[in-house]
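Below: target.txt (compact mmCIF, C-alpha atoms)
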```
# COMPACT_ATOMS: atom_id res chain seq x y z
CA MET A 245 0.00 0.00 0.00
CA SER A 246 2.97 2.31 0.64
CA SER A 247 4.17 1.95 -2.96
CA LEU A 248 1.16 4.00 -4.33
CA PRO A 249 2.28 7.38 -2.93
CA ALA A 250 5.86 6.69 -4.04
CA ALA A 251 4.62 5.89 -7.53
CA LEU A 252 2.52 9.08 -7.57
CA LEU A 253 5.51 11.14 -6.45
CA ALA A 254 7.73 9.45 -9.03
CA ALA A 255 5.16 10.20 -11.68
CA GLY A 256 4.92 13.79 -10.55
CA ALA A 257 8.71 14.13 -10.52
CA SER A 258 9.11 12.73 -14.03
CA PRO A 259 10.69 15.17 -16.46
CA SER A 260 8.40 17.11 -18.73
CA PRO A 261 8.47 16.30 -22.42
CA SER A 262 10.93 18.24 -24.54
CA PRO A 263 9.50 20.92 -26.79
CA SER A 264 8.77 20.00 -30.34
CA PRO A 265 11.06 21.14 -33.10
CA SER A 266 8.41 23.54 -34.42
CA GLY A 267 8.45 25.54 -31.15
CA SER A 268 4.75 24.97 -30.21
CA THR A 269 4.02 23.84 -26.65
CA ALA A 270 1.51 21.03 -26.04
CA PRO A 271 -1.25 21.67 -23.40
CA ALA A 272 -0.33 20.52 -19.93
CA VAL A 273 -2.08 17.35 -18.91
CA PRO A 274 -3.40 17.42 -15.31
CA THR A 275 -1.64 14.93 -13.20
CA LEU A 276 -3.00 12.70 -10.48
CA GLN A 277 -1.47 14.99 -7.88
CA ASP A 278 -3.47 17.95 -9.22
CA ALA A 279 -6.67 15.91 -9.15
CA GLN A 280 -5.91 14.85 -5.57
CA GLU A 281 -5.36 18.46 -4.51
CA SER A 282 -8.64 19.61 -6.17
CA ALA A 283 -10.59 16.81 -4.49
CA THR A 284 -9.00 17.66 -1.16
CA ASN A 285 -9.88 21.34 -1.48
CA ALA A 286 -13.49 20.52 -2.47
CA ALA A 287 -13.87 18.15 0.43
CA SER A 288 -12.51 20.68 2.87
CA TRP A 289 -14.84 23.41 1.44
CA VAL A 290 -17.83 21.12 1.77
CA GLU A 291 -16.77 20.16 5.29
CA GLN A 292 -16.50 23.80 6.28
CA ASN A 293 -19.91 24.88 4.80
CA TRP A 294 -22.16 21.85 5.18
CA SER A 295 -23.40 23.02 8.55
CA THR A 296 -24.39 26.41 7.06
CA TRP A 297 -26.20 24.74 4.18
CA LEU A 298 -28.00 22.41 6.50
CA ALA A 299 -29.08 25.30 8.70
CA MET A 300 -30.33 27.28 5.69
CA GLY A 301 -32.21 24.27 4.33
CA LEU A 302 -33.85 23.59 7.65
CA GLN A 303 -34.79 27.26 8.00
CA ILE A 304 -36.34 27.36 4.52
CA LEU A 305 -38.18 24.11 5.16
CA LEU A 306 -39.49 25.47 8.45
CA ILE A 307 -40.68 28.70 6.78
CA VAL A 308 -42.50 26.80 4.01
CA VAL A 309 -44.13 24.37 6.43
CA VAL A 310 -45.29 27.13 8.77
CA ALA A 311 -46.64 29.22 5.85
CA VAL A 312 -48.58 26.31 4.34
CA ALA A 313 -49.98 25.27 7.72
CA LEU A 314 -50.94 28.83 8.65
CA ARG A 315 -52.61 29.35 5.27
CA ALA A 316 -54.63 26.14 5.66
CA VAL A 317 -55.70 27.11 9.20
CA VAL A 318 -56.74 30.63 8.16
CA ARG A 319 -58.68 29.42 5.12
CA ARG A 320 -60.46 26.80 7.23
CA ALA A 321 -61.37 29.43 9.82
CA ILE A 322 -62.76 31.71 7.11
CA THR A 323 -64.81 28.86 5.65
CA LYS A 324 -66.26 28.01 9.07
CA LEU A 325 -67.12 31.66 9.65
CA ILE A 326 -68.98 31.87 6.34
CA ASP A 327 -70.83 28.60 7.08
CA ARG A 328 -71.84 29.91 10.49
CA MET A 329 -73.20 33.07 8.89
CA ASN A 330 -75.29 30.97 6.49
CA ARG A 331 -76.61 28.76 9.30
CA THR A 332 -77.61 31.80 11.32
CA ALA A 333 -79.47 33.25 8.34
CA GLN A 334 -81.23 29.93 7.70
CA ALA A 335 -82.36 29.78 11.34
CA VAL A 336 -83.92 33.22 11.01
CA ASP A 337 -85.88 32.14 7.92
CA GLY A 338 -88.30 30.16 10.07
CA SER A 339 -89.12 33.13 12.30
CA ALA A 340 -91.63 35.91 11.78
CA LEU A 341 -88.94 38.21 10.44
CA GLY A 342 -87.82 35.76 7.79
CA GLY A 343 -89.91 37.42 5.08
CA LEU A 344 -88.33 40.80 5.74
CA LEU A 345 -84.77 39.62 5.15
CA VAL A 346 -82.90 39.06 1.94
CA ASN A 347 -83.44 35.87 0.00
CA ALA A 348 -81.26 32.77 0.22
CA GLU A 349 -79.55 33.30 -3.15
CA ARG A 350 -78.47 36.77 -2.17
CA ARG A 351 -77.05 35.54 1.15
CA ARG A 352 -75.25 32.69 -0.59
CA GLN A 353 -73.62 34.90 -3.20
CA ARG A 354 -72.68 37.53 -0.64
CA ALA A 355 -71.13 34.92 1.67
CA ALA A 356 -69.27 33.30 -1.24
CA ALA A 357 -67.91 36.66 -2.40
CA ILE A 358 -66.80 37.68 1.10
CA GLY A 359 -65.17 34.28 1.67
CA SER A 360 -63.36 34.43 -1.65
CA VAL A 361 -62.00 37.91 -0.95
CA LEU A 362 -60.85 37.02 2.57
CA ARG A 363 -59.19 33.79 1.46
CA SER A 364 -57.38 35.53 -1.40
CA VAL A 365 -56.12 38.32 0.86
CA ALA A 366 -54.97 35.86 3.52
CA SER A 367 -53.15 33.66 0.97
CA PHE A 368 -51.43 36.67 -0.60
CA LEU A 369 -50.20 38.03 2.74
CA ILE A 370 -49.00 34.68 4.12
CA LEU A 371 -47.29 33.40 0.96
CA GLY A 372 -45.80 36.80 0.13
CA THR A 373 -44.30 37.12 3.59
CA ALA A 374 -42.92 33.57 3.38
CA ALA A 375 -41.30 34.30 0.00
CA LEU A 376 -39.56 37.39 1.39
CA MET A 377 -38.30 35.41 4.39
CA VAL A 378 -36.88 32.70 2.10
CA LEU A 379 -35.04 35.33 0.05
CA GLY A 380 -33.70 36.83 3.24
CA THR A 381 -32.35 33.42 4.26
CA PHE A 382 -30.11 33.41 1.16
CA LYS A 383 -28.60 36.74 2.35
CA ILE A 384 -30.22 38.61 -0.54
CA ASN A 385 -30.62 42.35 -0.01
CA LEU A 386 -34.37 42.92 -0.18
CA ALA A 387 -34.23 46.72 -0.26
CA PRO A 388 -33.74 47.03 -4.07
CA LEU A 389 -36.34 44.32 -4.64
CA LEU A 390 -38.91 46.06 -2.47
CA ALA A 391 -38.15 49.40 -4.11
CA SER A 392 -38.58 47.90 -7.58
CA ALA A 393 -41.79 46.19 -6.52
CA GLY A 394 -43.08 49.52 -5.17
CA VAL A 395 -42.30 51.33 -8.43
CA ALA A 396 -43.88 48.52 -10.46
CA GLY A 397 -46.95 48.60 -8.21
CA VAL A 398 -47.34 52.34 -8.71
CA ALA A 399 -47.00 51.95 -12.49
CA ILE A 400 -49.54 49.13 -12.57
CA GLY A 401 -51.84 51.14 -10.32
CA PHE A 402 -51.79 54.10 -12.72
CA GLY A 403 -52.26 51.85 -15.74
CA ALA A 404 -55.08 49.78 -14.26
CA ARG A 405 -56.63 52.38 -11.96
CA ASN A 406 -60.12 51.73 -13.33
CA LEU A 407 -59.79 48.01 -12.60
CA VAL A 408 -58.52 48.70 -9.08
CA THR A 409 -61.35 51.18 -8.49
CA ASP A 410 -63.96 48.66 -9.66
CA PHE A 411 -62.49 45.93 -7.46
CA LEU A 412 -62.32 48.07 -4.31
CA SER A 413 -65.83 49.44 -4.88
CA GLY A 414 -67.17 45.91 -5.31
CA VAL A 415 -65.49 44.74 -2.10
CA PHE A 416 -67.02 47.57 -0.05
CA MET A 417 -70.44 47.12 -1.67
CA ILE A 418 -70.46 43.46 -0.67
CA LEU A 419 -69.09 44.03 2.83
CA GLU A 420 -71.57 46.83 3.53
CA ASP A 421 -74.44 44.84 1.98
CA GLN A 422 -75.63 47.80 -0.08
CA TYR A 423 -77.61 45.51 -2.41
CA GLY A 424 -77.85 41.87 -3.37
CA VAL A 425 -79.45 39.38 -5.73
CA GLY A 426 -83.17 40.06 -6.13
CA ASP A 427 -83.02 43.73 -5.15
CA VAL A 428 -84.38 46.41 -7.46
CA ILE A 429 -81.89 49.27 -7.48
CA ASP A 430 -81.36 52.58 -9.22
CA ALA A 431 -77.63 52.82 -9.91
CA GLY A 432 -77.83 56.09 -11.81
CA VAL A 433 -76.49 54.66 -15.07
CA ALA A 434 -79.09 51.85 -15.08
CA THR A 435 -82.14 50.66 -13.16
CA GLY A 436 -83.33 47.09 -12.73
CA GLU A 437 -83.26 43.90 -10.69
CA VAL A 438 -79.88 42.62 -9.51
CA ILE A 439 -79.21 39.14 -10.93
CA GLU A 440 -75.51 38.85 -10.04
CA VAL A 441 -73.07 40.73 -7.81
CA GLY A 442 -69.38 40.54 -8.69
CA LEU A 443 -66.24 42.22 -7.47
CA ARG A 444 -65.88 44.17 -10.72
CA VAL A 445 -69.28 44.16 -12.48
CA THR A 446 -72.88 44.06 -11.28
CA LYS A 447 -75.55 42.60 -13.61
CA LEU A 448 -79.00 44.21 -13.71
CA ARG A 449 -82.10 43.11 -15.61
CA GLY A 450 -84.16 46.02 -16.85
CA ASP A 451 -87.92 46.33 -17.17
CA SER A 452 -87.81 45.29 -20.84
CA GLY A 453 -85.68 42.21 -20.14
CA GLU A 454 -82.34 43.69 -21.14
CA ILE A 455 -79.24 42.94 -19.03
CA TRP A 456 -77.07 45.85 -17.90
CA TYR A 457 -73.43 45.30 -16.99
CA VAL A 458 -72.55 48.09 -14.58
CA ARG A 459 -68.96 48.57 -13.44
CA ASN A 460 -68.83 49.02 -9.69
CA GLY A 461 -66.42 51.94 -9.97
CA GLU A 462 -68.91 53.93 -12.07
CA VAL A 463 -71.68 53.79 -9.47
CA LYS A 464 -71.73 57.09 -7.56
CA ARG A 465 -75.03 56.59 -5.75
CA ILE A 466 -77.39 53.65 -5.26
CA GLY A 467 -81.10 53.73 -4.56
CA ASN A 468 -82.26 50.36 -3.22
CA LEU A 469 -85.98 49.92 -3.81
CA SER A 470 -86.17 46.52 -2.08
CA GLN A 471 -84.97 47.24 1.44
CA GLY A 472 -87.30 48.18 4.29
CA TRP A 473 -90.65 49.20 2.86
CA ALA A 474 -92.06 51.08 -0.12
CA THR A 475 -94.83 53.63 -0.60
CA ALA A 476 -97.63 53.37 -3.16
CA GLY A 477 -99.13 56.73 -4.03
CA VAL A 478 -102.09 57.38 -6.33
CA ASP A 479 -103.36 60.84 -7.35
CA VAL A 480 -107.09 60.92 -8.18
CA THR A 481 -108.20 63.95 -10.19
CA VAL A 482 -111.91 64.75 -10.06
CA LYS A 483 -114.03 67.72 -11.05
CA ALA A 484 -114.16 70.66 -8.67
CA SER A 485 -117.93 70.35 -8.37
CA GLU A 486 -117.81 66.83 -6.84
CA ASP A 487 -118.75 66.26 -3.20
CA LEU A 488 -115.57 65.65 -1.22
CA GLU A 489 -117.33 63.63 1.46
CA ARG A 490 -118.73 61.26 -1.14
CA VAL A 491 -115.31 60.97 -2.81
CA LYS A 492 -113.63 60.18 0.51
CA ALA A 493 -116.29 57.62 1.46
CA THR A 494 -115.83 55.84 -1.88
CA LEU A 495 -112.06 55.76 -1.47
CA ASP A 496 -112.34 54.42 2.08
CA GLU A 497 -114.62 51.65 0.87
CA VAL A 498 -112.13 50.67 -1.83
CA ALA A 499 -109.25 50.68 0.67
CA GLU A 500 -111.10 48.56 3.24
CA LYS A 501 -112.18 45.99 0.67
CA MET A 502 -108.71 45.73 -0.85
CA SER A 503 -107.04 45.27 2.56
CA LYS A 504 -109.15 42.16 3.27
CA GLU A 505 -108.59 40.34 -0.03
CA GLU A 506 -105.71 38.08 -1.00
CA PRO A 507 -102.93 38.59 -1.90
CA TRP A 508 -103.20 42.32 -1.27
CA HIS A 509 -103.50 42.04 2.50
CA GLU A 510 -99.97 40.56 2.55
CA MET A 511 -98.51 43.26 0.33
CA LEU A 512 -100.05 46.09 2.33
CA TRP A 513 -98.05 46.81 5.49
CA GLY A 514 -100.39 49.58 6.56
CA PRO A 515 -103.88 50.91 5.86
CA VAL A 516 -104.62 52.74 2.63
CA GLU A 517 -104.93 56.36 3.73
CA VAL A 518 -106.73 59.21 2.02
CA LEU A 519 -104.31 62.05 2.70
CA GLY A 520 -106.64 64.76 1.43
CA LEU A 521 -106.50 67.38 -1.27
CA ASP A 522 -103.09 67.58 -2.87
CA SER A 523 -104.00 70.50 -5.14
CA VAL A 524 -107.07 72.53 -6.12
CA LEU A 525 -107.47 74.07 -9.59
CA ILE A 526 -110.24 76.07 -11.24
CA ASP A 527 -112.03 73.10 -12.80
CA SER A 528 -110.48 70.11 -10.95
CA MET A 529 -108.98 68.92 -7.68
CA VAL A 530 -106.48 66.19 -6.86
CA VAL A 531 -107.00 63.77 -3.97
CA ARG A 532 -103.91 61.92 -2.72
CA VAL A 533 -104.14 58.24 -1.70
CA SER A 534 -101.13 56.50 -0.11
CA ALA A 535 -100.26 53.08 1.35
CA ARG A 536 -97.15 51.42 2.77
CA THR A 537 -96.30 48.18 0.95
CA MET A 538 -93.73 45.43 0.80
CA PRO A 539 -90.41 46.29 -0.88
CA GLY A 540 -90.73 46.17 -4.64
CA LYS A 541 -94.55 45.89 -4.62
CA SER A 542 -95.44 49.57 -4.76
CA VAL A 543 -96.06 49.62 -8.52
CA THR A 544 -98.30 46.53 -8.34
CA VAL A 545 -100.37 48.03 -5.53
CA GLU A 546 -100.68 51.37 -7.36
CA ARG A 547 -102.04 49.67 -10.47
CA GLU A 548 -104.59 47.69 -8.47
CA LEU A 549 -105.65 50.83 -6.59
CA ARG A 550 -106.23 52.76 -9.82
CA TRP A 551 -108.24 49.86 -11.23
CA ARG A 552 -110.49 49.62 -8.16
CA ILE A 553 -110.89 53.39 -7.77
CA LYS A 554 -111.98 53.79 -11.39
CA ARG A 555 -114.59 51.05 -11.08
CA ALA A 556 -115.87 52.45 -7.78
CA PHE A 557 -116.12 55.98 -9.17
CA ASP A 558 -118.01 54.76 -12.23
CA ALA A 559 -120.48 52.97 -9.95
CA ALA A 560 -120.88 56.09 -7.78
CA SER A 561 -121.23 58.42 -10.82
CA ILE A 562 -118.12 60.36 -9.83
CA ARG A 563 -116.47 61.74 -12.91
CA ILE A 564 -112.69 61.62 -13.17
CA VAL A 565 -111.07 64.44 -15.12
CA GLY A 566 -109.14 63.22 -18.13
CA GLY A 567 -109.51 60.47 -20.72
CA ALA A 568 -113.02 59.82 -22.06
CA THR A 569 -114.69 62.16 -19.58
CA ALA A 570 -112.66 65.05 -20.95
CA VAL A 571 -114.23 64.49 -24.39
CA GLU A 572 -117.69 64.49 -22.84
CA ASP A 573 -116.93 67.74 -21.08
CA GLN A 574 -115.93 69.33 -24.35
CA GLU A 575 -119.21 68.23 -25.96
CA ASP A 576 -121.21 69.95 -23.20
CA THR A 577 -119.37 73.25 -23.71
CA PRO A 578 -120.92 75.42 -26.47
CA ASP A 579 -118.82 76.05 -29.49
CA PRO A 580 -117.47 79.63 -29.26
CA THR A 581 -117.46 79.95 -33.06
CA ALA A 582 -121.16 79.11 -33.38
CA THR A 583 -122.26 82.74 -32.60
CA VAL A 584 -119.81 84.27 -35.05
CA ALA A 585 -121.37 85.38 -38.35
CA ALA A 586 -120.09 84.00 -41.62
CA PRO A 587 -117.55 86.17 -43.38
CA SER A 588 -118.96 88.61 -45.96
CA ALA A 589 -118.48 88.03 -49.65
CA TYR A 590 -117.23 91.58 -49.97
CA SER A 591 -114.14 90.69 -47.90
CA ASN A 592 -112.78 88.74 -50.86
CA ALA A 593 -111.24 91.09 -53.42
CA ASP A 594 -111.73 88.56 -56.23
CA SER A 595 -115.40 87.87 -55.62
CA PRO A 596 -118.05 89.06 -58.19
CA GLN A 597 -119.80 91.12 -55.50
CA THR A 598 -116.64 93.09 -54.84
CA ALA A 599 -116.10 93.60 -58.57
CA ALA A 600 -119.71 94.83 -59.02
CA ALA A 601 -119.50 97.23 -56.10
CA SER A 602 -116.18 98.76 -57.12
CA PRO A 603 -116.39 102.16 -59.04
CA ILE A 604 -115.94 102.23 -62.79
CA THR A 605 -112.68 103.84 -63.80
CA PRO A 606 -112.80 106.19 -66.96
CA GLN A 607 -110.93 104.95 -70.01
CA ARG A 608 -108.48 107.22 -71.86
CA SER A 609 -109.10 107.94 -75.62
CA ALA A 610 -106.39 107.06 -78.14
CA PRO A 611 -104.52 110.02 -79.79
CA PRO A 612 -105.25 110.76 -83.51
CA ALA A 613 -103.08 109.02 -86.03
CA LYS A 614 -100.61 111.13 -88.02
CA LEU A 615 -100.23 110.99 -91.78
CA ARG A 616 -97.01 109.83 -93.19
CA ASN A 617 -96.95 112.13 -96.25
CA GLY A 618 -97.27 115.49 -94.60
CA PRO A 619 -99.70 117.44 -92.57
CA ALA A 620 -103.26 116.49 -92.38
CA ARG A 621 -105.63 117.83 -95.04
CA THR A 622 -109.09 119.02 -94.56
CA PHE A 623 -111.73 118.23 -97.11
CA GLU A 624 -114.60 120.45 -97.79
```

Can you dump the structure from the file as structure tokens?
Amino acid sequence: MSSLPAALLAAGASPSPSPSPSGSTAPAVPTLQDAQESATNAASWVEQNWSTWLAMGLQILLIVVVAVALRAVVRRAITKLIDRMNRTAQAVDGSALGGLLVNAERRRQRAAAIGSVLRSVASFLILGTAALMVLGTFKINLAPLLASAGVAGVAIGFGARNLVTDFLSGVFMILEDQYGVGDVIDAGVATGEVIEVGLRVTKLRGDSGEIWYVRNGEVKRIGNLSQGWATAGVDVTVKASEDLERVKATLDEVAEKMSKEEPWHEMLWGPVEVLGLDSVLIDSMVVRVSARTMPGKSVTVERELRWRIKRAFDAASIRIVGGATAVEDQEDTPDPTATVAAPSAYSNADSPQTAAASPITPQRSAPPAKLRNGPARTFE
């Protein structure tokens, strides 16, 4: 075994080959001693740094494991919170107040949207922090990276400011529960029933069946017509000569009968009230009728009230101003042109009567003709 080092030394001490006659030098061939020295240096470098590598690997592994576990715990907690909100809402459905709350589809979409936003934000914060900690473990200076990320974020924010505005507006609309599926809203740019609520776009179905896609960032004000209660108001215009007591008695009879019939007694949340005279004109007066209804049912109640009031007034011989009665009123009024005499024939300058009555203008006599061959001669 001792002969191997001696052989290696003898090989290393062997004379180098003589240069070639042409003067060019051949590339040096690495010897076994050089290979042994390189292997020794690599082994010593690995021996000196393996503990550092192991510590860094364990630190990175610990960061990844903690981040994944924390993300799973947070997402599970958010899911349980959303499920608890849904169970609480379902328990309220069986109570007396269940009909006053939003419908199940609206609650489901709102809960799903809130859960999605919270889970996305939690994942971004946890994984982003873990990535920065891993980079810091490799002794990378994070200051230039954070500065570049800040500049890039500002540039993206300016370029996609409308998208960011729509997203933030949608998040706050959902969190504040400004409207939901099934609500009838007036968003300024469009009016209709909400069929879908998104983080960027809200879908509305108009009265004619069209679908409006409204960006959340463009909505400056929202009028929700489905929350709380609504008011149905009907203006009844009658002639000024009608008896107000008889008009009020007829309206009270219509209101009492409508409040006892289905399904109107469920839509009416208060009695139909005759508020009195809203305005008085020379030939007519307006009586105001109002009722508090369920959200979104005011238009239906107004139409039914007008229908019943018209039938009751026809039965009571109370004339409503406008429509067919207005034509009848015009027939009773005498024609103002009936007492005016017909125009005279003499008013027309081209009529024969005017030509006969005009004075006769004298006609001028023609001058005597002159002779061509001299002065005129007289004959005796």

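Of the listed residues A:Gly359, A:Gly540, A:Gly414, A:Gly397, the one whose atoms come nearest to Glu437 in chain A is A:Gly540, with distances taken using all atoms listed in the file.
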
Using all atoms listed in the file, determine which residues lie at most 12 Å from Gly432 in chain A, disregarding the query and same-chain residues fewer than 6 positions distant; provide the list as a PyMOL selection string.
chain A and resi 456+458-460+462-468

Compare A:Asp522, A:Asp327, A:Thr475, A:Arg555 by their minimum atom-to-atom distance to Glu497 in chain A, counting all atoms listed in the file, and give me the closest one.
A:Arg555

What are the centre and edge lengths in Å, to one decimal, of the axis-aligned box around all listed atoms of range 379-394 of chain A with 3 Å added on each side, as JSON?
```
{"center_x": -35.8, "center_y": 41.5, "center_z": -1.7, "size_x": 20.5, "size_y": 22.1, "size_z": 17.8}
```

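Pairwise distance (CA of Met300 in chain A, CA of Ile384 in chain A) equals 12.9 Å.
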
So, with all atoms listed in the file as the atoms that count, which of A:Ala556, A:Ala366, A:Leu512, A:Leu379 lies closest to Ala316 in chain A?
A:Ala366

As an exercise, work out the distance from CA of Ala499 in chain A to CA of Trp551 in chain A in Å and give it to one decimal place.
12.0 Å

Between CA of Lys504 in chain A and CA of Ala476 in chain A, what is the spacing in Å?
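The value is 17.3 Å.
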
Could you tell me which of A:Leu448, A:Ile439, A:Asp496, A:Lys541 comes closest to Trp473 in chain A if we count all atoms listed in the file?
A:Lys541
